[in-house]
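**Student:** Have a peek at my_file28.cif (mmCIF, N, CA and C atoms).
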data_work
loop_
_atom_site.label_atom_id
_atom_site.label_comp_id
_atom_site.auth_asym_id
_atom_site.auth_seq_id
_atom_site.Cartn_x
_atom_site.Cartn_y
_atom_site.Cartn_z
N MET A 1 -25.23 25.02 12.98
CA MET A 1 -24.43 23.82 12.97
C MET A 1 -25.16 22.76 12.14
N ILE A 2 -24.42 22.03 11.36
CA ILE A 2 -25.02 21.00 10.51
C ILE A 2 -24.89 19.64 11.20
N HIS A 3 -25.98 18.93 11.27
CA HIS A 3 -25.96 17.59 11.84
C HIS A 3 -26.30 16.61 10.72
N GLY A 4 -25.65 15.48 10.72
CA GLY A 4 -25.94 14.49 9.68
C GLY A 4 -24.98 13.33 9.78
N THR A 5 -25.09 12.47 8.81
CA THR A 5 -24.21 11.31 8.79
C THR A 5 -23.51 11.23 7.45
N TYR A 6 -22.37 10.62 7.47
CA TYR A 6 -21.60 10.41 6.25
C TYR A 6 -21.11 8.98 6.30
N THR A 7 -21.43 8.21 5.30
CA THR A 7 -20.99 6.82 5.29
C THR A 7 -19.82 6.67 4.34
N VAL A 8 -18.86 5.90 4.76
CA VAL A 8 -17.69 5.63 3.94
C VAL A 8 -17.91 4.28 3.26
N LYS A 9 -17.78 4.28 1.96
CA LYS A 9 -17.99 3.07 1.19
C LYS A 9 -16.92 2.04 1.53
N ARG A 10 -17.34 0.82 1.79
CA ARG A 10 -16.41 -0.26 2.06
C ARG A 10 -15.73 -0.69 0.77
N VAL A 11 -14.51 -1.18 0.88
CA VAL A 11 -13.80 -1.68 -0.30
C VAL A 11 -14.19 -3.12 -0.55
N ARG A 12 -13.94 -3.60 -1.76
CA ARG A 12 -14.22 -5.01 -2.06
C ARG A 12 -13.38 -5.88 -1.14
N GLU A 13 -13.97 -6.96 -0.67
CA GLU A 13 -13.26 -7.81 0.27
C GLU A 13 -12.12 -8.57 -0.38
N THR A 14 -12.28 -8.98 -1.64
CA THR A 14 -11.18 -9.66 -2.33
C THR A 14 -10.96 -8.99 -3.68
N SER A 15 -9.70 -8.87 -4.04
CA SER A 15 -9.32 -8.29 -5.32
C SER A 15 -7.92 -8.80 -5.67
N THR A 16 -7.45 -8.42 -6.83
CA THR A 16 -6.13 -8.85 -7.27
C THR A 16 -5.09 -7.82 -6.87
N CYS A 17 -3.91 -8.29 -6.49
CA CYS A 17 -2.79 -7.40 -6.20
C CYS A 17 -1.54 -8.02 -6.79
N THR A 18 -0.49 -7.24 -6.90
CA THR A 18 0.80 -7.74 -7.38
C THR A 18 1.90 -7.30 -6.43
N LEU A 19 2.98 -8.07 -6.40
CA LEU A 19 4.14 -7.66 -5.60
C LEU A 19 4.72 -6.40 -6.22
N ALA A 20 5.07 -5.43 -5.40
CA ALA A 20 5.63 -4.18 -5.89
C ALA A 20 7.15 -4.26 -6.03
N GLU A 21 7.76 -5.26 -5.43
CA GLU A 21 9.20 -5.48 -5.57
C GLU A 21 9.49 -6.96 -5.34
N ASP A 22 10.64 -7.42 -5.82
CA ASP A 22 11.02 -8.81 -5.61
C ASP A 22 11.03 -9.10 -4.11
N ALA A 23 10.52 -10.27 -3.72
CA ALA A 23 10.44 -10.59 -2.29
C ALA A 23 10.58 -12.09 -2.08
N ARG A 24 11.23 -12.46 -1.02
CA ARG A 24 11.34 -13.88 -0.64
C ARG A 24 10.18 -14.17 0.32
N LEU A 25 9.21 -14.91 -0.16
CA LEU A 25 7.98 -15.18 0.60
C LEU A 25 8.11 -16.45 1.43
N ASP A 26 9.15 -16.53 2.25
CA ASP A 26 9.37 -17.73 3.04
C ASP A 26 8.92 -17.57 4.49
N LYS A 27 8.19 -16.51 4.77
CA LYS A 27 7.61 -16.32 6.11
C LYS A 27 6.42 -15.40 5.98
N GLN A 28 5.54 -15.45 6.96
CA GLN A 28 4.39 -14.56 6.97
C GLN A 28 4.87 -13.23 7.53
N ASP A 29 4.99 -12.26 6.64
CA ASP A 29 5.53 -10.96 7.01
C ASP A 29 4.85 -9.89 6.17
N MET A 30 5.19 -8.63 6.39
CA MET A 30 4.65 -7.52 5.63
C MET A 30 5.49 -7.31 4.37
N PHE A 31 4.80 -7.13 3.24
CA PHE A 31 5.48 -6.91 1.97
C PHE A 31 4.83 -5.76 1.22
N LYS A 32 5.59 -5.17 0.30
CA LYS A 32 5.08 -4.08 -0.53
C LYS A 32 4.27 -4.66 -1.69
N ILE A 33 3.03 -4.19 -1.84
CA ILE A 33 2.18 -4.66 -2.93
C ILE A 33 1.54 -3.47 -3.63
N TYR A 34 1.06 -3.72 -4.84
CA TYR A 34 0.28 -2.75 -5.59
C TYR A 34 -1.11 -3.33 -5.74
N ALA A 35 -2.12 -2.60 -5.29
CA ALA A 35 -3.51 -3.08 -5.33
C ALA A 35 -4.37 -2.07 -6.09
N PRO A 36 -4.64 -2.32 -7.39
CA PRO A 36 -5.43 -1.37 -8.18
C PRO A 36 -6.80 -1.06 -7.60
N ALA A 37 -7.43 -2.01 -6.91
CA ALA A 37 -8.76 -1.76 -6.33
C ALA A 37 -8.69 -0.70 -5.23
N LEU A 38 -7.56 -0.62 -4.52
CA LEU A 38 -7.41 0.36 -3.45
C LEU A 38 -6.69 1.63 -3.92
N MET A 39 -5.96 1.52 -5.04
CA MET A 39 -5.13 2.63 -5.51
C MET A 39 -5.35 2.87 -7.01
N PRO A 40 -6.56 3.14 -7.44
CA PRO A 40 -6.83 3.18 -8.88
C PRO A 40 -6.11 4.29 -9.65
N ASP A 41 -5.76 5.38 -9.00
CA ASP A 41 -5.12 6.50 -9.71
C ASP A 41 -3.61 6.55 -9.52
N ILE A 42 -3.04 5.49 -8.94
CA ILE A 42 -1.60 5.46 -8.70
C ILE A 42 -0.98 4.46 -9.68
N GLN A 43 0.08 4.90 -10.36
CA GLN A 43 0.75 4.05 -11.34
C GLN A 43 1.58 2.98 -10.62
N SER A 44 1.52 1.76 -11.14
CA SER A 44 2.37 0.71 -10.59
C SER A 44 3.77 0.87 -11.18
N GLY A 45 4.67 0.05 -10.75
CA GLY A 45 6.05 0.12 -11.22
C GLY A 45 6.96 -0.24 -10.07
N ASP A 46 8.22 0.17 -10.16
CA ASP A 46 9.14 -0.08 -9.06
C ASP A 46 8.62 0.59 -7.79
N ALA A 47 8.69 -0.12 -6.68
CA ALA A 47 8.23 0.44 -5.40
C ALA A 47 9.08 1.65 -5.07
N GLN A 48 8.42 2.80 -4.91
CA GLN A 48 9.14 4.04 -4.62
C GLN A 48 8.44 4.81 -3.51
N SER A 49 9.25 5.48 -2.72
CA SER A 49 8.76 6.41 -1.71
C SER A 49 9.50 7.71 -1.96
N LEU A 50 8.76 8.74 -2.40
CA LEU A 50 9.38 9.99 -2.83
C LEU A 50 8.81 11.18 -2.06
N PRO A 51 9.62 12.23 -1.89
CA PRO A 51 9.08 13.45 -1.28
C PRO A 51 8.18 14.18 -2.28
N ASP A 52 7.13 14.77 -1.80
CA ASP A 52 6.18 15.50 -2.63
C ASP A 52 5.94 16.85 -1.96
N PRO A 53 6.12 17.97 -2.68
CA PRO A 53 5.97 19.27 -2.03
C PRO A 53 4.52 19.57 -1.65
N ILE A 54 4.37 20.34 -0.58
CA ILE A 54 3.06 20.81 -0.13
C ILE A 54 3.00 22.31 -0.39
N ASP A 55 1.94 22.76 -1.02
CA ASP A 55 1.75 24.18 -1.29
C ASP A 55 1.30 24.86 0.00
N THR A 56 2.22 25.56 0.65
CA THR A 56 1.89 26.19 1.93
C THR A 56 1.13 27.49 1.75
N THR A 57 0.94 27.95 0.52
CA THR A 57 0.18 29.18 0.29
C THR A 57 -1.33 28.93 0.37
N CYS A 58 -1.73 27.68 0.59
CA CYS A 58 -3.16 27.38 0.67
C CYS A 58 -3.76 27.86 1.99
N ILE A 59 -2.92 28.21 2.95
CA ILE A 59 -3.41 28.69 4.25
C ILE A 59 -2.96 30.13 4.41
N LYS A 60 -3.91 31.02 4.59
CA LYS A 60 -3.61 32.45 4.75
C LYS A 60 -4.04 32.89 6.15
N ASN A 61 -3.10 33.03 7.02
CA ASN A 61 -3.37 33.50 8.37
C ASN A 61 -2.48 34.70 8.67
N GLY A 62 -2.86 35.45 9.66
CA GLY A 62 -2.01 36.53 10.13
C GLY A 62 -0.81 35.97 10.87
N LYS A 63 0.19 36.82 11.12
CA LYS A 63 1.42 36.36 11.78
C LYS A 63 1.14 35.75 13.15
N SER A 64 0.21 36.30 13.88
CA SER A 64 -0.05 35.80 15.23
C SER A 64 -0.78 34.45 15.23
N THR A 65 -1.42 34.11 14.11
CA THR A 65 -2.14 32.83 14.05
C THR A 65 -1.60 31.93 12.93
N SER A 66 -0.37 32.17 12.55
CA SER A 66 0.19 31.41 11.43
C SER A 66 0.31 29.93 11.79
N VAL A 67 0.18 29.13 10.78
CA VAL A 67 0.25 27.67 10.94
C VAL A 67 1.65 27.22 10.55
N LYS A 68 2.26 26.45 11.43
CA LYS A 68 3.57 25.89 11.10
C LYS A 68 3.33 24.48 10.55
N MET A 69 3.80 24.26 9.32
CA MET A 69 3.59 22.95 8.70
C MET A 69 4.79 22.58 7.85
N LYS A 70 4.90 21.31 7.59
CA LYS A 70 5.98 20.82 6.74
C LYS A 70 5.77 21.31 5.32
N THR A 71 6.84 21.41 4.58
CA THR A 71 6.74 21.85 3.19
C THR A 71 6.73 20.67 2.22
N SER A 72 6.87 19.45 2.74
CA SER A 72 6.79 18.27 1.86
C SER A 72 6.29 17.07 2.67
N THR A 73 5.83 16.09 1.94
CA THR A 73 5.38 14.84 2.55
C THR A 73 5.89 13.70 1.68
N LYS A 74 5.93 12.50 2.22
CA LYS A 74 6.37 11.36 1.43
C LYS A 74 5.16 10.70 0.79
N THR A 75 5.29 10.37 -0.47
CA THR A 75 4.26 9.63 -1.18
C THR A 75 4.88 8.32 -1.65
N GLN A 76 4.04 7.32 -1.84
CA GLN A 76 4.55 6.02 -2.30
C GLN A 76 3.54 5.39 -3.23
N ASN A 77 4.04 4.49 -4.09
CA ASN A 77 3.16 3.83 -5.05
C ASN A 77 2.91 2.37 -4.66
N TYR A 78 2.90 2.10 -3.38
CA TYR A 78 2.64 0.76 -2.88
C TYR A 78 1.99 0.86 -1.51
N ILE A 79 1.43 -0.26 -1.07
CA ILE A 79 0.94 -0.36 0.31
C ILE A 79 1.57 -1.60 0.93
N MET A 80 1.55 -1.67 2.22
CA MET A 80 2.08 -2.83 2.93
C MET A 80 0.93 -3.76 3.30
N ALA A 81 1.14 -5.04 3.07
CA ALA A 81 0.14 -6.04 3.45
C ALA A 81 0.87 -7.29 3.92
N LYS A 82 0.20 -8.03 4.78
CA LYS A 82 0.80 -9.25 5.34
C LYS A 82 0.56 -10.43 4.40
N TYR A 83 1.62 -11.18 4.12
CA TYR A 83 1.52 -12.38 3.30
C TYR A 83 1.11 -13.54 4.21
N VAL A 84 -0.01 -14.20 3.89
CA VAL A 84 -0.50 -15.32 4.69
C VAL A 84 -0.65 -16.59 3.86
N GLY A 85 -0.06 -16.59 2.68
CA GLY A 85 -0.16 -17.76 1.81
C GLY A 85 0.84 -18.83 2.18
N LYS A 86 0.82 -19.89 1.40
CA LYS A 86 1.78 -20.98 1.61
C LYS A 86 3.17 -20.52 1.20
N ILE A 87 4.16 -21.05 1.89
CA ILE A 87 5.54 -20.77 1.51
C ILE A 87 5.82 -21.51 0.21
N PRO A 88 6.24 -20.79 -0.84
CA PRO A 88 6.40 -21.42 -2.15
C PRO A 88 7.68 -22.24 -2.25
N TYR A 89 7.68 -23.42 -1.67
CA TYR A 89 8.87 -24.26 -1.72
C TYR A 89 8.92 -25.04 -3.02
N ASP A 90 9.23 -24.33 -4.09
CA ASP A 90 9.45 -25.01 -5.35
C ASP A 90 10.96 -25.16 -5.55
N GLU A 91 11.36 -25.67 -6.69
CA GLU A 91 12.79 -25.93 -6.93
C GLU A 91 13.63 -24.67 -6.80
N LYS A 92 13.13 -23.54 -7.27
CA LYS A 92 13.91 -22.30 -7.22
C LYS A 92 14.20 -21.90 -5.78
N TYR A 93 13.20 -22.03 -4.90
CA TYR A 93 13.40 -21.66 -3.50
C TYR A 93 14.35 -22.63 -2.81
N LEU A 94 14.28 -23.91 -3.15
CA LEU A 94 15.13 -24.92 -2.50
C LEU A 94 16.57 -24.84 -2.98
N GLU A 95 16.78 -24.55 -4.26
CA GLU A 95 18.13 -24.53 -4.82
C GLU A 95 18.89 -23.24 -4.48
N ASP A 96 18.19 -22.13 -4.41
CA ASP A 96 18.85 -20.84 -4.23
C ASP A 96 18.25 -20.09 -3.05
N PRO A 97 18.98 -19.99 -1.94
CA PRO A 97 18.44 -19.30 -0.77
C PRO A 97 18.26 -17.79 -0.98
N GLU A 98 18.81 -17.26 -2.06
CA GLU A 98 18.67 -15.84 -2.38
C GLU A 98 17.54 -15.58 -3.37
N TYR A 99 16.91 -16.64 -3.89
CA TYR A 99 15.85 -16.46 -4.90
C TYR A 99 14.66 -15.72 -4.30
N LYS A 100 14.09 -14.81 -5.07
CA LYS A 100 12.92 -14.05 -4.64
C LYS A 100 11.82 -14.17 -5.68
N THR A 101 10.59 -14.17 -5.23
CA THR A 101 9.44 -14.13 -6.13
C THR A 101 9.48 -12.77 -6.82
N PRO A 102 9.40 -12.74 -8.16
CA PRO A 102 9.58 -11.47 -8.87
C PRO A 102 8.41 -10.49 -8.69
N ALA A 103 8.75 -9.21 -8.77
CA ALA A 103 7.74 -8.15 -8.74
C ALA A 103 6.77 -8.37 -9.89
N GLY A 104 5.51 -8.05 -9.66
CA GLY A 104 4.50 -8.24 -10.69
C GLY A 104 3.75 -9.56 -10.56
N THR A 105 4.21 -10.46 -9.70
CA THR A 105 3.52 -11.72 -9.49
C THR A 105 2.16 -11.43 -8.85
N LYS A 106 1.11 -12.06 -9.40
CA LYS A 106 -0.26 -11.78 -8.93
C LYS A 106 -0.64 -12.63 -7.73
N PHE A 107 -1.40 -12.02 -6.84
CA PHE A 107 -1.92 -12.66 -5.64
C PHE A 107 -3.35 -12.19 -5.43
N THR A 108 -4.02 -12.77 -4.44
CA THR A 108 -5.36 -12.33 -4.05
C THR A 108 -5.24 -11.53 -2.77
N LEU A 109 -5.73 -10.29 -2.81
CA LEU A 109 -5.73 -9.41 -1.66
C LEU A 109 -7.07 -9.55 -0.95
N THR A 110 -7.05 -9.68 0.35
CA THR A 110 -8.27 -9.77 1.15
C THR A 110 -8.29 -8.63 2.15
N CYS A 111 -9.37 -7.85 2.13
CA CYS A 111 -9.60 -6.80 3.13
C CYS A 111 -10.73 -7.31 4.02
N LEU A 112 -10.39 -7.76 5.21
CA LEU A 112 -11.38 -8.36 6.10
C LEU A 112 -12.48 -7.36 6.43
N ASP A 113 -13.72 -7.78 6.28
CA ASP A 113 -14.90 -6.94 6.53
C ASP A 113 -14.90 -5.66 5.68
N GLY A 114 -14.20 -5.67 4.55
CA GLY A 114 -14.15 -4.49 3.70
C GLY A 114 -13.31 -3.37 4.26
N ASN A 115 -12.48 -3.65 5.27
CA ASN A 115 -11.66 -2.65 5.92
C ASN A 115 -10.26 -2.66 5.31
N PRO A 116 -9.86 -1.60 4.60
CA PRO A 116 -8.54 -1.58 3.96
C PRO A 116 -7.37 -1.55 4.94
N ASN A 117 -7.63 -1.29 6.22
CA ASN A 117 -6.55 -1.32 7.21
C ASN A 117 -6.28 -2.74 7.70
N ASN A 118 -7.12 -3.67 7.37
CA ASN A 118 -6.98 -5.06 7.80
C ASN A 118 -6.83 -5.93 6.55
N LYS A 119 -5.65 -5.89 5.93
CA LYS A 119 -5.45 -6.54 4.64
C LYS A 119 -4.35 -7.60 4.68
N THR A 120 -4.59 -8.67 3.96
CA THR A 120 -3.62 -9.75 3.80
C THR A 120 -3.64 -10.18 2.34
N PHE A 121 -2.59 -10.88 1.91
CA PHE A 121 -2.59 -11.42 0.56
C PHE A 121 -2.02 -12.83 0.57
N GLN A 122 -2.47 -13.60 -0.43
CA GLN A 122 -1.98 -14.99 -0.56
C GLN A 122 -2.00 -15.41 -2.01
#
Please express what this file holds, its structure, as structure tokens.

**Tutor:**
Amino acid sequence: MIHGTYTVKRVRETSTCTLAEDARLDKQDMFKIYAPALMPDIQSGDAQSLPDPIDTTCIKNGKSTSVKMKTSTKTQNYIMAKYVGKIPYDEKYLEDPEYKTPAGTKFTLTCLDGNPNNKTFQ
């Protein structure tokens, strides 16, 4: 048996992110964002969630010990983060209740204590 330790590298606490889709930022809520620091090999673009096939031939077991698994999984090119910034009450927001901040708008992403599961943007 092998005994040892494995450390997981912490992510940068602050980095740049962009909105992955148009959003009305008039409340502190969860929104779709693209964060290159957390997702360097994922292409940005329209926020998408797509099925991706799983190669089930990677597991070779006998019939009595066969593994039952799904043949696909969902992949997405965005992550969800909570918006904690100021509500952007500029003329566009006041004049048009349907106006949304456009996708691609840059924000600052914060991962508290370097933990990517505890993320906010403003």

**Student:** Do you know which residues the PyMOL selection byres (((chain A and resi 47 and name CA) around 10) and name CA) returns on this file, as a count of residues only?

**Tutor:** 18

**Student:** The PyMOL selection byres ((chain A and resi 93-100) around 7) - which residues does that actually catch in the file I just gave you? List them as a tab-separated table (two decimals) with N, CA and C atoms, in the coordinates of the input.

**Tutor:**
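Result file follows (expr.tsv):
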chain	number	residue	atom	x	y	z
A	22	ASP	N	10.64	-7.42	-5.82
A	22	ASP	CA	11.02	-8.81	-5.61
A	22	ASP	C	11.03	-9.10	-4.11
A	23	ALA	N	10.52	-10.27	-3.72
A	23	ALA	CA	10.44	-10.59	-2.29
A	23	ALA	C	10.58	-12.09	-2.08
A	24	ARG	N	11.23	-12.46	-1.02
A	24	ARG	CA	11.34	-13.88	-0.64
A	24	ARG	C	10.18	-14.17	0.32
A	25	LEU	N	9.21	-14.91	-0.16
A	25	LEU	CA	7.98	-15.18	0.60
A	25	LEU	C	8.11	-16.45	1.43
A	88	PRO	N	6.24	-20.79	-0.84
A	88	PRO	CA	6.40	-21.42	-2.15
A	88	PRO	C	7.68	-22.24	-2.25
A	89	TYR	N	7.68	-23.42	-1.67
A	89	TYR	CA	8.87	-24.26	-1.72
A	89	TYR	C	8.92	-25.04	-3.02
A	90	ASP	N	9.23	-24.33	-4.09
A	90	ASP	CA	9.45	-25.01	-5.35
A	90	ASP	C	10.96	-25.16	-5.55
A	91	GLU	N	11.36	-25.67	-6.69
A	91	GLU	CA	12.79	-25.93	-6.93
A	91	GLU	C	13.63	-24.67	-6.80
A	92	LYS	N	13.13	-23.54	-7.27
A	92	LYS	CA	13.91	-22.30	-7.22
A	92	LYS	C	14.20	-21.90	-5.78
A	101	THR	N	10.59	-14.17	-5.23
A	101	THR	CA	9.44	-14.13	-6.13
A	101	THR	C	9.48	-12.77	-6.82
A	102	PRO	N	9.40	-12.74	-8.16
A	102	PRO	CA	9.58	-11.47	-8.87
A	102	PRO	C	8.41	-10.49	-8.69
A	103	ALA	N	8.75	-9.21	-8.77
A	103	ALA	CA	7.74	-8.15	-8.74
A	103	ALA	C	6.77	-8.37	-9.89

**Student:** Tell me which of A:Thr16, A:Ser72, A:Thr120, A:Thr108 sits closest to Leu38 (chain A), counting all atoms listed in the file.

**Tutor:**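 Checking each candidate against Leu38 (chain A), we get A:Thr16 as the closest.
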
**Student:** Run DSSP on the backbone and give me the residues of region 11-62 of chain A it puts in strand (DSSP E or B), as a list in words.

**Tutor:**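 Restricting region 11-62 of chain A to strand (DSSP E or B) produces Thr14, Ser15, Thr16, Cys17, Thr18, Leu19, Ala23, Met30, Phe31, Lys32, Ile33, Tyr34, Ser49, Leu50, Pro51, Asp52 and Pro53 of chain A.
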
**Student:** Provide the atom N of Tyr83 (chain A) to CA of Thr14 (chain A) distance in Å, to one decimal place.

**Tutor:**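 Atom-to-atom, atom N of Tyr83 (chain A) and CA of Thr14 (chain A) are spaced 14.4 Å apart.
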
**Student:** Could you state which residues are captured by the PyMOL selection byres (((chain A and resi 28 and name CA) around 9) and name CA) in this file, as an MDAnalysis selection string?

**Tutor:** chainID A and resid 25:27 29:30 82:87

**Student:** Could you write out as AutoDock Vina command-line options the box around region 97-105 of chain A (axis-aligned, all atoms listed in the file, 6 Å on each side), with centre and edge lengths in Å to one decimal?

**Tutor:**
--center_x 10.6 --center_y -14.0 --center_z -5.7 --size_x 28.8 --size_y 23.9 --size_z 21.9

**Student:** Could you go through chain A and tell me which residues DSSP, when run on the backbone, assigns to helix (DSSP H, G or I), listing them as a list in words?

**Tutor:**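 DSSP-assigned helix (DSSP H, G or I) residues in chain A: Thr56, Thr57, Cys58, Lys63, Ser64, Thr65, Glu91, Lys92, Tyr93, Leu94, Glu95, Leu112, Asp113 and Gly114 of chain A.
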
**Student:** For Ile42 (chain A), which of A:Ile54, A:Lys70, A:Thr75, A:Gly62 is the closest residue, counting only C-alpha atoms?

**Tutor:** A:Thr75

**Student:** Atom N of Pro36 (chain A) and atom N of Asp55 (chain A) are how many Å apart?

**Tutor:**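 Those two atoms sit 26.7 Å apart.
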
**Student:** Provide the atom C of Thr110 (chain A) to CA of Gln43 (chain A) distance in Å, to one decimal place.

**Tutor:**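 So the answer is 20.6 Å.
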